[in-house]
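Colleague: Right, I'll just put the structure down here and ask away after.
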Amino acid sequence: MLGTADDPIRVLRVIARLNVGGPSLHVSYLSEGLAERGYSTTLAAGTISEGEASMAFIAEERGIEIESIPELQRELAPLKDAAAVRRLRTIIRRERPHILHTHTAKAGTVGRAAARIAGDARPPVVVHTFHGHMLKGEFDPVRTRAFRAVERNLARTTDVLVAVSPEVRDELVEVGVAPASQFAVVRLGIELSERMAGASDGASLRASLGIPPDRFCVGWVARMSAVKQPEDVLRTVRKLRDRGIDAALILIGDGPEREQLEERAKELGLVEGVHFVGFQNDVGPWLHAFDVLLLTSRSEGTPVSAIETLASGRPVVATDVGGTRDVVNDGVSGFLVPFGDVSAAADRLERLARDPALRARMGAAGQAVALSSYGVPRLVGDIDRLYRALLTEKGYSVAAGGDTPAKKRQ
């Protein structure tokens with residue numbers, strides 16, 4: 001019977017790259033958690049882009065071996081993409097997975113194409129997770145139509161499409177990728193217990209940067225790229241200071257826009273009290289150095305930094321895009337503002353700066369929801385139930401949840 005120690009469910013999990021971000025954490029925690037429930041996972045990952053930091057260590061620390069696909073990368077490259085398809089076809093034929101589960105757009109395209117040409121080794125169950133998408137307003141009309149057509153075509157040979165939030169699902173249905181009935185919403189799962197501790201470390205970090213305990217401190221955690229709109233963070237803090245709030249700012253992350261962003265900070269007169277601390281392997285202690293997290297992204301799937309910040313007991317001010325609304329309860333655990341509206345963001349930050357009691361209430365409310373909705377056990381349980389139901393539908397004899405699938409090929 002599948003799903004037992006003697007006959008584990010074999011999963012081939014494919015992600016475009018293990019760069020800094022929610023998808024990398026998601027696949028690492030999920031692979032580890034499912035191993036305890038009778039699954040055997042092969043994690044295949046492509047190459048990170050120039051200027052990106054790797055989070056492969058998260059998987060490696062959990063004993064997860066990574067099958068490298070050097071040809072698989074974020075950028076469109078027909079020859080390399082074709083080579084990645086062939087390499088994944090070879091892995092499929094070797095591993096004979098019961099389930100192919102792809103994560104992120106590029107891996108979804110390459111992985112599902114490989115399954116189509118795998119012959120009798122084609123996995124009986126194919127699942128794809130949208131951790132976000134760029135099918136609405138991110139490209140010119142011609143490319144947008146082309147990418148939507150590709151996703152529609154791939155959806156026809158996918159058993160279930162997973163969205164990380166109801167908002168992401170609804171947007172994908174709206175642009176015609178697939179009907180709502182083909183989607184399952186499975187929120188991210190993050191290891192959050194460590195985010196609850198570390199208040200003393202946060203105080204030490206503030207002191208090391210020369211930020212007094214009573215100075216209002218805004219934090220930002222993201223890759224310094226256009227989609228995260230980091231310049232709006234600087235513009236918001238400039239407006240906040242102009243309103244009499246002597247705010248400090250800590251920016252965690254790196255990326256192609258860092259040098260330009262540092263120059264922009266100087267132009268805005270934000271040298272004092274603005275700290276570019278770069279990429280951090282462990283952001284946990286830094287979250288406790290913040291009074292509030294500010295996110296100004298123009299697109300999000302599910303913002304992991306917001307989840308982690310809420311788990312640390314801090315409120316979040318963020319643009320109301322993608323799945324952010326599913327994480328931040330406007331007026332309860334933080335505030336949502338329209339994308340690009342730096343005045344509105346400054347308004348909300350000013351309100352939080354002047355009302356420590358409000359910050360505490362919002363932080364407590366956000367922490368309770370983050371821990372219950374975005375923990376790893378919930379993620380593993382949701383995916384375990386989904387996999388077993390799909391295998392049962394395909395005619396496999398599957399053990400009850402908590403064990404592995406036993407094969408009953410038709």
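All residue names refer to the structure tokens as shown: chains lettered A, B, ... in order, residues numbered from 1 in each chain, ligands numbered from 1 in order.
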Please list as a PDB file with N, CA and C atoms, in the first residue's frame every residue within 9 Å of A:Val175, counting only C-alpha atoms and excluding residues in the same chain fewer than 5 positions away.

Modeller:
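This went into selection_32.pdb:
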ATOM      1  N   LEU A 135       0.903  37.533 -14.936  1.00  0.00           N
ATOM      2  CA  LEU A 135       0.033  37.415 -16.103  1.00  0.00           C
ATOM      3  C   LEU A 135      -0.951  38.567 -16.225  1.00  0.00           C
ATOM      4  N   LYS A 136      -0.757  39.585 -15.402  1.00  0.00           N
ATOM      5  CA  LYS A 136      -1.708  40.688 -15.395  1.00  0.00           C
ATOM      6  C   LYS A 136      -0.962  42.007 -15.235  1.00  0.00           C
ATOM      7  N   ARG A 148      -0.192  33.700 -21.122  1.00  0.00           N
ATOM      8  CA  ARG A 148      -1.480  33.167 -20.678  1.00  0.00           C
ATOM      9  C   ARG A 148      -1.846  31.926 -21.477  1.00  0.00           C
ATOM     10  N   ASP A 170      -8.086  33.790  -7.642  1.00  0.00           N
ATOM     11  CA  ASP A 170      -9.115  34.570  -8.333  1.00  0.00           C
ATOM     12  C   ASP A 170      -8.541  35.315  -9.540  1.00  0.00           C
TER      13      ASP A 170
END

Colleague: Taking only residues of stretch 215-307 of chain A that have an atom at most 7 Å from an atom of stretch 338-346 of chain A, what is each one's shortest atom pair and its distance in Å to one decimal, using only C-alpha atoms, in chain and number order, as CSV?

Modeller:
residue,atom,partner,partner_atom,distance
A:Asp232,CA,A:Val342,CA,6.5
A:Arg235,CA,A:Val342,CA,6.8
A:Thr236,CA,A:Val342,CA,5.1
A:Val237,CA,A:Ala346,CA,7.0
A:Lys239,CA,A:Ala346,CA,6.3
A:Leu240,CA,A:Ala346,CA,5.4
A:Thr296,CA,A:Phe339,CA,6.8
A:Arg298,CA,A:Phe339,CA,6.1

Colleague: Would you save the residues from that selection as a short mmCIF file (atom, residue, chain, number, x, y, z; two decimals), in the first residue's frame, using N, CA and C atoms?

Modeller:
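Full text of result.cif as output:
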data_model
loop_
_atom_site.label_atom_id
_atom_site.label_comp_id
_atom_site.auth_asym_id
_atom_site.auth_seq_id
_atom_site.Cartn_x
_atom_site.Cartn_y
_atom_site.Cartn_z
N ASP A 232 10.08 53.39 -3.36
CA ASP A 232 8.92 53.89 -2.64
C ASP A 232 9.10 53.81 -1.14
N ARG A 235 10.98 57.01 -0.38
CA ARG A 235 10.11 58.17 -0.53
C ARG A 235 9.11 58.25 0.63
N THR A 236 8.65 57.09 1.09
CA THR A 236 7.71 57.08 2.21
C THR A 236 8.37 57.57 3.50
N VAL A 237 9.57 57.09 3.75
CA VAL A 237 10.29 57.51 4.97
C VAL A 237 10.64 59.00 4.89
N LYS A 239 8.80 61.30 3.47
CA LYS A 239 7.55 61.98 3.83
C LYS A 239 7.29 61.88 5.32
N LEU A 240 7.60 60.74 5.89
CA LEU A 240 7.38 60.54 7.32
C LEU A 240 8.24 61.51 8.13
N THR A 296 6.30 47.77 -0.22
CA THR A 296 5.76 48.66 -1.25
C THR A 296 5.68 47.96 -2.61
N ARG A 298 4.78 45.99 -6.09
CA ARG A 298 3.71 46.14 -7.07
C ARG A 298 3.07 44.79 -7.38
#

Colleague: For A:Val277, work out the shell of residues within 12 Å, counting only C-alpha atoms and skipping chain neighbours fewer than 3 positions away, then give it as a PyMOL selection string.

Modeller: chain A and resi 205-206+208-209+219-222+249-254+258+262+274+280-281+283+286

Colleague: Would you write out those residues with C-alpha atoms, as an mmCIF file, in the first residue's frame?

Modeller:
data_model
loop_
_atom_site.group_PDB
_atom_site.id
_atom_site.type_symbol
_atom_site.label_atom_id
_atom_site.label_comp_id
_atom_site.auth_asym_id
_atom_site.auth_seq_id
_atom_site.Cartn_x
_atom_site.Cartn_y
_atom_site.Cartn_z
ATOM 1 C CA LEU A 205 21.109 44.996 16.581
ATOM 2 C CA ARG A 206 19.465 48.389 17.008
ATOM 3 C CA SER A 208 24.912 48.254 16.949
ATOM 4 C CA LEU A 209 23.425 50.584 14.321
ATOM 5 C CA GLY A 219 12.021 47.765 8.413
ATOM 6 C CA TRP A 220 12.006 46.408 4.868
ATOM 7 C CA VAL A 221 12.925 42.858 3.792
ATOM 8 C CA ALA A 222 13.001 41.939 0.116
ATOM 9 C CA LEU A 249 15.062 52.680 8.364
ATOM 10 C CA ILE A 250 16.672 49.240 8.056
ATOM 11 C CA LEU A 251 16.732 47.648 4.604
ATOM 12 C CA ILE A 252 17.518 43.919 4.492
ATOM 13 C CA GLY A 253 18.289 42.407 1.135
ATOM 14 C CA ASP A 254 20.394 42.737 -1.951
ATOM 15 C CA ARG A 258 21.017 48.282 -4.516
ATOM 16 C CA GLU A 262 21.825 53.917 -2.061
ATOM 17 C CA VAL A 274 19.099 54.666 6.953
ATOM 18 C CA GLN A 280 20.946 38.083 6.036
ATOM 19 C CA ASN A 281 20.793 34.300 6.390
ATOM 20 C CA VAL A 283 16.293 37.611 9.452
ATOM 21 C CA TRP A 286 16.259 41.735 12.699
#

Colleague: Hey, could you make a per-residue contact list for stretch 145-182 of chain A against stretch 313-336 of chain A with 10 Å as the cut-off, showing the nearest pair of atoms and its distance in Å to one decimal, counting only C-alpha atoms, sorted by chain and number, as a Markdown table?

Modeller:
| residue | atom | partner | partner_atom | distance |
| --- | --- | --- | --- | --- |
| A:Ala163 | CA | A:Gly323 | CA | 9.6 |
| A:Val164 | CA | A:Gly323 | CA | 7.6 |
| A:Ser165 | CA | A:Gly323 | CA | 5.5 |
| A:Pro166 | CA | A:Gly323 | CA | 7.3 |
| A:Glu167 | CA | A:Gly323 | CA | 5.3 |
| A:Val168 | CA | A:Gly322 | CA | 6.0 |
| A:Arg169 | CA | A:Gly323 | CA | 9.2 |
| A:Asp170 | CA | A:Gly322 | CA | 9.8 |
| A:Glu171 | CA | A:Gly322 | CA | 8.3 |

Colleague: Can I get the selection written as an mmCIF file, in the first residue's frame, with N, CA and C atoms?

Modeller:
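Now in again20.cif:
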data_model
loop_
_atom_site.group_PDB
_atom_site.id
_atom_site.type_symbol
_atom_site.label_atom_id
_atom_site.label_comp_id
_atom_site.auth_asym_id
_atom_site.auth_seq_id
_atom_site.Cartn_x
_atom_site.Cartn_y
_atom_site.Cartn_z
ATOM 1 N N ALA A 163 -2.924 27.495 -5.636
ATOM 2 C CA ALA A 163 -2.645 28.919 -5.443
ATOM 3 C C ALA A 163 -2.358 29.148 -3.968
ATOM 4 N N VAL A 164 -1.418 30.042 -3.679
ATOM 5 C CA VAL A 164 -1.018 30.259 -2.291
ATOM 6 C C VAL A 164 -1.940 31.212 -1.543
ATOM 7 N N SER A 165 -2.931 31.759 -2.243
ATOM 8 C CA SER A 165 -3.929 32.601 -1.575
ATOM 9 C C SER A 165 -5.176 32.652 -2.440
ATOM 10 N N PRO A 166 -6.325 32.956 -1.847
ATOM 11 C CA PRO A 166 -7.541 33.111 -2.655
ATOM 12 C C PRO A 166 -7.409 34.202 -3.703
ATOM 13 N N GLU A 167 -6.662 35.267 -3.373
ATOM 14 C CA GLU A 167 -6.501 36.371 -4.319
ATOM 15 C C GLU A 167 -5.738 35.921 -5.561
ATOM 16 N N VAL A 168 -4.673 35.145 -5.373
ATOM 17 C CA VAL A 168 -3.916 34.632 -6.515
ATOM 18 C C VAL A 168 -4.801 33.718 -7.358
ATOM 19 N N ARG A 169 -5.560 32.856 -6.712
ATOM 20 C CA ARG A 169 -6.485 31.978 -7.450
ATOM 21 C C ARG A 169 -7.479 32.796 -8.271
ATOM 22 N N ASP A 170 -8.086 33.790 -7.642
ATOM 23 C CA ASP A 170 -9.115 34.570 -8.333
ATOM 24 C C ASP A 170 -8.541 35.315 -9.540
ATOM 25 N N GLU A 171 -7.333 35.827 -9.415
ATOM 26 C CA GLU A 171 -6.713 36.529 -10.538
ATOM 27 C C GLU A 171 -6.418 35.568 -11.687
#

Colleague: Measuring between only C-alpha atoms, which one of A:Glu50, A:Asp6, A:Glu267, A:Glu32 shows the shortest distance to A:Gly255?

Modeller: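 Counting only C-alpha atoms, the residue closest to A:Gly255 is A:Glu50.
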
Colleague: Within stretch 220-263 of chain A, find each residue whose DSSP state, derived from the backbone, is alpha helix (DSSP H), and express the selection as a list in words.

Modeller: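 These are the residues in question: Pro230, Glu231, Asp232, Val233, Leu234, Arg235, Thr236, Val237, Arg238, Lys239, Leu240, Arg241, Asp242, Arg258, Glu259, Gln260, Leu261, Glu262 and Glu263 of chain A.
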
Colleague: Of the candidates A:Asp120, A:Glu231, A:Glu71, A:Glu151, which one gets nearest to A:Met134 if we count only C-alpha atoms?

Modeller: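 Among the listed residues, A:Glu151 lies closest to A:Met134.
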
Colleague: Determine, counting only C-alpha atoms, which protein, DNA and RNA residues have an atom within 12 Å of an atom of A:Ile15; residues of the same chain fewer than 4 positions away are not included. Present the result as a VMD selection string.

Modeller: chain A and resid 19 22 to 28 42 to 48 56 66 to 69 72 to 74 84 88 100 to 112 128 to 131

Colleague: I'd like the interatomic distance between atom CA of A:Gly21 and atom CA of A:Arg96, to a tenth of an Å.

Modeller: 29.2 Å

Colleague: Please, what distance in Å, to one decimal, runs between atom CA of A:Glu191 and atom CA of A:Val14?

Modeller: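 Atom CA of A:Val14 lies at a distance of 20.9 Å from atom CA of A:Glu191.
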
Colleague: Could you please determine the separation between atom CA of A:Arg238 and atom CA of A:Ser204 in Å, to one decimal place?

Modeller: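 For atom CA of A:Arg238 relative to atom CA of A:Ser204, the distance reads 25.6 Å.
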
Colleague: With only C-alpha atoms as the atoms that count, which of A:Val292, A:Met55, A:Ala121, A:Ala400 lies nearest to A:Met362?

Modeller: A:Val292

Colleague: Looking at A:Lys394, A:Leu295, A:Ile92, A:Ile190, which one is nearest to A:Ala370, with distances taken over only C-alpha atoms?

Modeller: A:Ile190

Colleague: Using only C-alpha atoms for the distances, tell me which of A:Leu154, A:Leu34, A:Leu2, A:Leu371 is nearest to A:Thr392.

Modeller: A:Leu2

Colleague: Using only C-alpha atoms for the distances, tell me which of A:Ile64, A:Leu192, A:Val218, A:Val271 is nearest to A:Gln367.

Modeller: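 Among the listed residues, the smallest separation from A:Gln367 belongs to A:Leu192.
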
Colleague: When DSSP works through the backbone of this structure, what residues of stretch 201-287 of chain A end up as strand (DSSP E), shown as a list in words?

Modeller: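 Answer for stretch 201-287 of chain A, restricted to strand (DSSP E): Cys217, Val218, Gly219, Trp220, Val221, Ala248, Leu249, Ile250, Leu251, Ile252, Val274, His275, Phe276, Val277 and Gly278 of chain A.
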